[in-house]
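One structure is given here, and the rest of the page talks about it.
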Amino acid sequence: MYPITWILVWGVLITFLFDIVTLYNTKNGIEANRILPEKFSNSDVNAVPIRIQNKYRFTTYIEVIDEIPIQFQKRDFIKSIHISSKSYHDFEYSLRPVKRGEYVFGRLLIYTMTRIGLVKRRYSFDASAMVKVYPSFIQMKKYDFLAIDNKLTQIGLKKIRRIGHTMEFEQIKEYVAGDDVRTINWKATAKHGNLMINQFQDEKSQPIYSIIDASRVMKMPFKELSLLDYAINSTLAFSNIALKKHDKVGMLSFSNGISDFLPASGKKTYLNTISETLYNSKTQFLDADFGMLYTHIKRQINHRSLLLLYTNFEHISSLKRQLPYLQALAKKHLLVVIFFENTELTSLVKKTAENLQAVYDQTIAQQFIYDKKVMVKELQKHGIQTVLTPPESLTVNTINKYLEIKARGLL
């Protein structure tokens with residue numbers, strides 16, 4: 001058996017050397033690149049395409065390892081493929097970021113083998129590529145498209161029955177069945193010999209501000225995303241819709257001080273300014289100063305405006321501490337306080353209690369849920385509009401409230 005063993009050893013060595021020569025004989029046998037977009041959309045699934053070119057004259061077996069940004073904590077990414085000679089292979093994988101900021105990709109590593117598979121050759125590409133994660137522009141584009149096509153009801157946005165009409169005159173037109181007879185223009189009717197009516201439209205160029213509470217209460221996470229990021233994504237999508245409706249939009253973020261302030265503007269390009277400002281917004285681990293917020297708004301916002309205040313109250317006592325400032329704001333502006341349901345408590349209440357401890361937990365959870373409803377009633381009692389919403393429905397419910405206010409001519 002000794003001679004046979006040596007024959008096998010030499011056979012393996014020759015095959016091993018042949019495998020090395022086959023892989024390393026071509027200087028750049030593999031070309032690959034990661035095609036990163038200019039920016040990622042926060043809380044959405046973003047595609048990362050990869051293109052690999054095989055320059056060898058034989059089919060190669062490849063393992064692809066991409067060094068994904070540390071924020072994803074994903075260390076097991078590997079994809080095995082084979083590519084025919086002189087051909088390309090394209091594929092993509094998905095990432096879902098849940099924080100805004102800069103994400104740095106490492107190397108794109110390609111390990112190449114022949115059919116024999118005794119040797120792997122490593123190629124390295126695209127070292128230290130960086131992409132920024134912005135507020136959810138994918139969500140913004142989705143609502144923008146549906147708004148243009150008048151398909152908002154498909155995603156839960158509802159039409160509100162108009163109560164009366166706004167007083168911005170649009171045109172005089174001929175009466176048709178169903179028109180409001182109270183808008184008949186008798187002078188035009190006498191002149192044309194047919195019933196003519198005044199047609200009105202929604203008032204335009206109304207100032208609307210999204211006010212984001214960036215204090216510690218907005219740090220609470222929900223499905224990996226903080227309440228602050230839900231508010232930021234909603235602000236971007238809502239601002240886009242409001243600009244399409246020809247209103248002026250602005251924004252303000254605050255905690256113990258004013259972090260950012262953008263005066264209302266109707267320019268189409270203003271959305272980029274809002275997006276850049278929201279990108280840099282951070283949660284502060286401090287209590288919100290509503291007195292300072294009232295003072296700033298009193299000085300900087302002189303015209304009656306629609307104020308959408310994104311905040312969160314977990315107990316009725318926290319609301320009562322801020323209520324005098326909210327009432328003061330509501331005297332001059334149309335204030336809408338938007339805060340969040342704790343859906344985890346709702347899920348807990350729906351479970352069947354199997355022991356005494358579960359009964360205690362459900363009783364406390366029901367008390368917190370009841371407190372939220374009391375807060376809504378307390379705000380409405382003082383003439384303040386409210387939106388109590390689950391975090392995932394924030395954008396839809398905010399736009400619904402905006403459409404209701406526009407339809408009812410409250411501003």
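Residues are referred to by chain and number: the chain letter is A, B, ... according to the order shown in the structure tokens, the number counts from 1 in that chain, and ligands are numbered separately from 1 in the order shown.
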Each segment 287-371 of chain A residue no farther than 12 Å from segment 233-246 of chain A, nearest pair in Å, only C-alpha atoms, as CSV:
```
residue,atom,partner,partner_atom,distance
A:Leu306,CA,A:Ala242,CA,11.3
A:Leu307,CA,A:Thr235,CA,11.8
A:Leu308,CA,A:Thr235,CA,9.1
A:Leu309,CA,A:Thr235,CA,10.3
A:Tyr310,CA,A:Thr235,CA,9.2
A:Ile338,CA,A:Ser234,CA,11.1
```
Can I get the selection written as a short mmCIF file (atom, residue, chain, number, x, y, z; two decimals), in the first residue's frame, with C-alpha atoms?
```
data_model
loop_
_atom_site.label_atom_id
_atom_site.label_comp_id
_atom_site.auth_asym_id
_atom_site.auth_seq_id
_atom_site.Cartn_x
_atom_site.Cartn_y
_atom_site.Cartn_z
CA LEU A 306 -52.20 75.12 12.01
CA LEU A 307 -49.83 73.64 14.61
CA LEU A 308 -49.37 69.85 14.59
CA LEU A 309 -47.69 69.01 17.89
CA TYR A 310 -46.11 65.53 18.01
CA ILE A 338 -50.84 64.19 18.35
#
```
Neighbours of segment 104-111 of chain A within 10 Å (only C-alpha atoms; same-chain residues fewer than 3 positions away dropped), as a PDB file with N, CA and C atoms, in the first residue's frame?
```pdb
ATOM      1  N   ILE A  30     -11.898  38.272 -11.387  1.00  0.00           N
ATOM      2  CA  ILE A  30     -13.242  38.662 -10.925  1.00  0.00           C
ATOM      3  C   ILE A  30     -13.292  40.174 -10.747  1.00  0.00           C
ATOM      4  N   GLU A  31     -14.350  40.762 -11.233  1.00  0.00           N
ATOM      5  CA  GLU A  31     -14.649  42.172 -10.969  1.00  0.00           C
ATOM      6  C   GLU A  31     -16.009  42.231 -10.286  1.00  0.00           C
ATOM      7  N   ALA A  32     -16.119  43.034  -9.228  1.00  0.00           N
ATOM      8  CA  ALA A  32     -17.397  43.153  -8.509  1.00  0.00           C
ATOM      9  C   ALA A  32     -17.550  44.552  -7.956  1.00  0.00           C
ATOM     10  N   ASN A  33     -18.779  44.991  -7.846  1.00  0.00           N
ATOM     11  CA  ASN A  33     -19.031  46.285  -7.199  1.00  0.00           C
ATOM     12  C   ASN A  33     -20.410  46.301  -6.554  1.00  0.00           C
ATOM     13  N   ARG A  34     -20.453  46.995  -5.450  1.00  0.00           N
ATOM     14  CA  ARG A  34     -21.697  47.195  -4.702  1.00  0.00           C
ATOM     15  C   ARG A  34     -22.294  48.526  -5.166  1.00  0.00           C
ATOM     16  N   LEU A  36     -24.448  51.224  -4.371  1.00  0.00           N
ATOM     17  CA  LEU A  36     -25.185  51.845  -3.268  1.00  0.00           C
ATOM     18  C   LEU A  36     -25.993  53.040  -3.756  1.00  0.00           C
ATOM     19  N   ILE A  50     -25.684  44.130  -6.184  1.00  0.00           N
ATOM     20  CA  ILE A  50     -24.286  43.751  -6.378  1.00  0.00           C
ATOM     21  C   ILE A  50     -24.138  43.134  -7.767  1.00  0.00           C
ATOM     22  N   ILE A  52     -21.354  41.113 -10.283  1.00  0.00           N
ATOM     23  CA  ILE A  52     -20.088  40.367 -10.328  1.00  0.00           C
ATOM     24  C   ILE A  52     -19.829  39.924 -11.767  1.00  0.00           C
ATOM     25  N   THR A  60     -16.878  29.598 -12.479  1.00  0.00           N
ATOM     26  CA  THR A  60     -16.320  29.754 -11.137  1.00  0.00           C
ATOM     27  C   THR A  60     -17.423  29.612 -10.088  1.00  0.00           C
ATOM     28  N   TYR A  61     -17.007  29.094  -8.941  1.00  0.00           N
ATOM     29  CA  TYR A  61     -17.911  28.947  -7.804  1.00  0.00           C
ATOM     30  C   TYR A  61     -17.499  29.992  -6.767  1.00  0.00           C
ATOM     31  N   ILE A  62     -18.442  30.821  -6.370  1.00  0.00           N
ATOM     32  CA  ILE A  62     -18.118  32.041  -5.633  1.00  0.00           C
ATOM     33  C   ILE A  62     -18.901  32.109  -4.320  1.00  0.00           C
ATOM     34  N   GLU A  63     -18.219  32.587  -3.284  1.00  0.00           N
ATOM     35  CA  GLU A  63     -18.863  32.960  -2.027  1.00  0.00           C
ATOM     36  C   GLU A  63     -18.712  34.466  -1.845  1.00  0.00           C
ATOM     37  N   VAL A  64     -19.824  35.149  -1.632  1.00  0.00           N
ATOM     38  CA  VAL A  64     -19.833  36.605  -1.490  1.00  0.00           C
ATOM     39  C   VAL A  64     -20.072  36.951  -0.024  1.00  0.00           C
ATOM     40  N   ILE A  65     -19.176  37.730   0.544  1.00  0.00           N
ATOM     41  CA  ILE A  65     -19.317  38.215   1.917  1.00  0.00           C
ATOM     42  C   ILE A  65     -19.246  39.732   1.883  1.00  0.00           C
ATOM     43  N   ASP A  66     -20.306  40.385   2.322  1.00  0.00           N
ATOM     44  CA  ASP A  66     -20.325  41.846   2.373  1.00  0.00           C
ATOM     45  C   ASP A  66     -20.250  42.281   3.833  1.00  0.00           C
ATOM     46  N   GLU A  67     -19.353  43.211   4.112  1.00  0.00           N
ATOM     47  CA  GLU A  67     -19.198  43.720   5.475  1.00  0.00           C
ATOM     48  C   GLU A  67     -20.219  44.835   5.701  1.00  0.00           C
ATOM     49  N   ILE A  68     -21.367  44.427   6.231  1.00  0.00           N
ATOM     50  CA  ILE A  68     -22.522  45.311   6.406  1.00  0.00           C
ATOM     51  C   ILE A  68     -22.272  46.255   7.577  1.00  0.00           C
ATOM     52  N   PRO A  69     -22.812  47.493   7.520  1.00  0.00           N
ATOM     53  CA  PRO A  69     -22.582  48.466   8.608  1.00  0.00           C
ATOM     54  C   PRO A  69     -22.891  47.899   9.984  1.00  0.00           C
ATOM     55  N   ILE A  70     -22.136  48.374  10.951  1.00  0.00           N
ATOM     56  CA  ILE A  70     -22.216  47.834  12.311  1.00  0.00           C
ATOM     57  C   ILE A  70     -23.594  48.028  12.931  1.00  0.00           C
ATOM     58  N   GLN A  71     -24.348  49.039  12.472  1.00  0.00           N
ATOM     59  CA  GLN A  71     -25.666  49.317  13.058  1.00  0.00           C
ATOM     60  C   GLN A  71     -26.623  48.132  12.912  1.00  0.00           C
ATOM     61  N   ILE A  78     -23.569  35.775   3.882  1.00  0.00           N
ATOM     62  CA  ILE A  78     -22.786  35.039   2.893  1.00  0.00           C
ATOM     63  C   ILE A  78     -23.737  34.518   1.818  1.00  0.00           C
ATOM     64  N   LYS A  79     -23.304  34.589   0.580  1.00  0.00           N
ATOM     65  CA  LYS A  79     -24.125  34.108  -0.533  1.00  0.00           C
ATOM     66  C   LYS A  79     -23.237  33.302  -1.474  1.00  0.00           C
ATOM     67  N   SER A  80     -23.683  32.092  -1.805  1.00  0.00           N
ATOM     68  CA  SER A  80     -22.937  31.201  -2.702  1.00  0.00           C
ATOM     69  C   SER A  80     -23.597  31.173  -4.060  1.00  0.00           C
ATOM     70  N   GLY A 101     -28.666  58.595  10.176  1.00  0.00           N
ATOM     71  CA  GLY A 101     -27.236  58.833  10.361  1.00  0.00           C
ATOM     72  C   GLY A 101     -26.417  58.225   9.237  1.00  0.00           C
ATOM     73  N   VAL A 119      -8.709  25.119  -3.562  1.00  0.00           N
ATOM     74  CA  VAL A 119      -8.136  26.422  -3.278  1.00  0.00           C
ATOM     75  C   VAL A 119      -9.200  27.499  -3.457  1.00  0.00           C
ATOM     76  N   LYS A 120      -9.155  28.497  -2.579  1.00  0.00           N
ATOM     77  CA  LYS A 120     -10.002  29.682  -2.741  1.00  0.00           C
ATOM     78  C   LYS A 120      -9.108  30.899  -2.920  1.00  0.00           C
ATOM     79  N   ARG A 121      -9.471  31.755  -3.872  1.00  0.00           N
ATOM     80  CA  ARG A 121      -8.760  33.011  -4.058  1.00  0.00           C
ATOM     81  C   ARG A 121      -9.660  34.160  -3.622  1.00  0.00           C
ATOM     82  N   ARG A 122      -9.105  35.043  -2.812  1.00  0.00           N
ATOM     83  CA  ARG A 122      -9.910  36.141  -2.286  1.00  0.00           C
ATOM     84  C   ARG A 122      -9.688  37.420  -3.090  1.00  0.00           C
ATOM     85  N   TYR A 123     -10.802  38.077  -3.439  1.00  0.00           N
ATOM     86  CA  TYR A 123     -10.782  39.405  -4.051  1.00  0.00           C
ATOM     87  C   TYR A 123     -11.493  40.364  -3.101  1.00  0.00           C
ATOM     88  N   SER A 124     -11.027  41.593  -3.020  1.00  0.00           N
ATOM     89  CA  SER A 124     -11.621  42.604  -2.145  1.00  0.00           C
ATOM     90  C   SER A 124     -11.964  43.849  -2.955  1.00  0.00           C
ATOM     91  N   PHE A 125     -13.199  44.356  -2.759  1.00  0.00           N
ATOM     92  CA  PHE A 125     -13.669  45.516  -3.522  1.00  0.00           C
ATOM     93  C   PHE A 125     -14.398  46.488  -2.594  1.00  0.00           C
ATOM     94  N   ASP A 126     -14.558  47.738  -3.074  1.00  0.00           N
ATOM     95  CA  ASP A 126     -15.434  48.752  -2.460  1.00  0.00           C
ATOM     96  C   ASP A 126     -15.201  48.933  -0.958  1.00  0.00           C
ATOM     97  N   ALA A 127     -13.978  49.202  -0.587  1.00  0.00           N
ATOM     98  CA  ALA A 127     -13.691  49.406   0.839  1.00  0.00           C
ATOM     99  C   ALA A 127     -14.238  50.752   1.320  1.00  0.00           C
ATOM    100  N   SER A 128     -14.825  50.755   2.515  1.00  0.00           N
ATOM    101  CA  SER A 128     -15.264  51.974   3.212  1.00  0.00           C
ATOM    102  C   SER A 128     -16.196  52.850   2.385  1.00  0.00           C
ATOM    103  N   ALA A 129     -17.296  52.274   1.939  1.00  0.00           N
ATOM    104  CA  ALA A 129     -18.340  53.055   1.267  1.00  0.00           C
ATOM    105  C   ALA A 129     -19.342  53.520   2.318  1.00  0.00           C
ATOM    106  N   MET A 130     -19.857  54.750   2.188  1.00  0.00           N
ATOM    107  CA  MET A 130     -20.762  55.326   3.182  1.00  0.00           C
ATOM    108  C   MET A 130     -22.066  55.772   2.533  1.00  0.00           C
ATOM    109  N   VAL A 131     -23.161  55.515   3.226  1.00  0.00           N
ATOM    110  CA  VAL A 131     -24.469  55.979   2.761  1.00  0.00           C
ATOM    111  C   VAL A 131     -25.204  56.575   3.959  1.00  0.00           C
ATOM    112  N   LYS A 132     -25.971  57.648   3.717  1.00  0.00           N
ATOM    113  CA  LYS A 132     -26.721  58.309   4.776  1.00  0.00           C
ATOM    114  C   LYS A 132     -28.157  57.787   4.814  1.00  0.00           C
TER     115      LYS A 132
END
```
Inset, instruction - Tell me which protein, DNA and RNA residues are within 9 Å of Lys267 of chain A, counting only C-alpha atoms, leaving out same-chain ones fewer than 4 positions away, and put them as a ChimeraX atom specification. - result: /A:243,248-249,271
Legend entry - Interatomic distance, atom CA of Glu344 of chain A to atom CA of Leu394 of chain A (Å, one decimal): 16.0 Å
Inset, instruction - Calculate how many Å separate atom CA of Lys39 of chain A from atom CA of Leu278 of chain A, rounding to one decimal. - result: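 Pair atom CA of Lys39 of chain A / atom CA of Leu278 of chain A returns 14.1 Å.
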Legend entry - Backbone-only DSSP, strand (DSSP E) members of segment 28-132 of chain A, as a PyMOL selection string: chain A and resi 30-34+39-41+46-54+60-66+79-83+87-95+101-105+108-113+121-125+129-132
Inset, instruction - Determine, counting only C-alpha atoms, which protein, DNA and RNA residues have an atom within 6 Å of an atom of Val98 of chain A; residues of the same chain fewer than 2 positions away are not included. Present the result as a PyMOL selection string. - result: chain A and resi 42-43+225
Set out as a tab-separated table a contact list for segment 267-349 of chain A and segment 258-261 of chain A with a cut-off of 10 Å, giving each residue of segment 267-349 of chain A that qualifies its closest atom pair and distance in Å to one decimal, counting only C-alpha atoms, ordered by chain and rising residue number.
```
residue	atom	partner	partner_atom	distance
A:Ile274	CA	A:Phe261	CA	9.8
A:Thr277	CA	A:Asp260	CA	7.4
A:Leu278	CA	A:Asp260	CA	8.8
A:Asn280	CA	A:Asp260	CA	9.4
A:Ser281	CA	A:Ser259	CA	7.9
A:Lys282	CA	A:Ser259	CA	8.9
A:Gln284	CA	A:Ser259	CA	9.8
A:Ala288	CA	A:Ile258	CA	9.9
A:Asp289	CA	A:Ile258	CA	9.1
A:Met292	CA	A:Ile258	CA	8.0
A:Leu293	CA	A:Ile258	CA	7.3
A:His296	CA	A:Ile258	CA	8.0
A:Ile297	CA	A:Phe261	CA	10.0
A:Gln300	CA	A:Phe261	CA	9.4
```
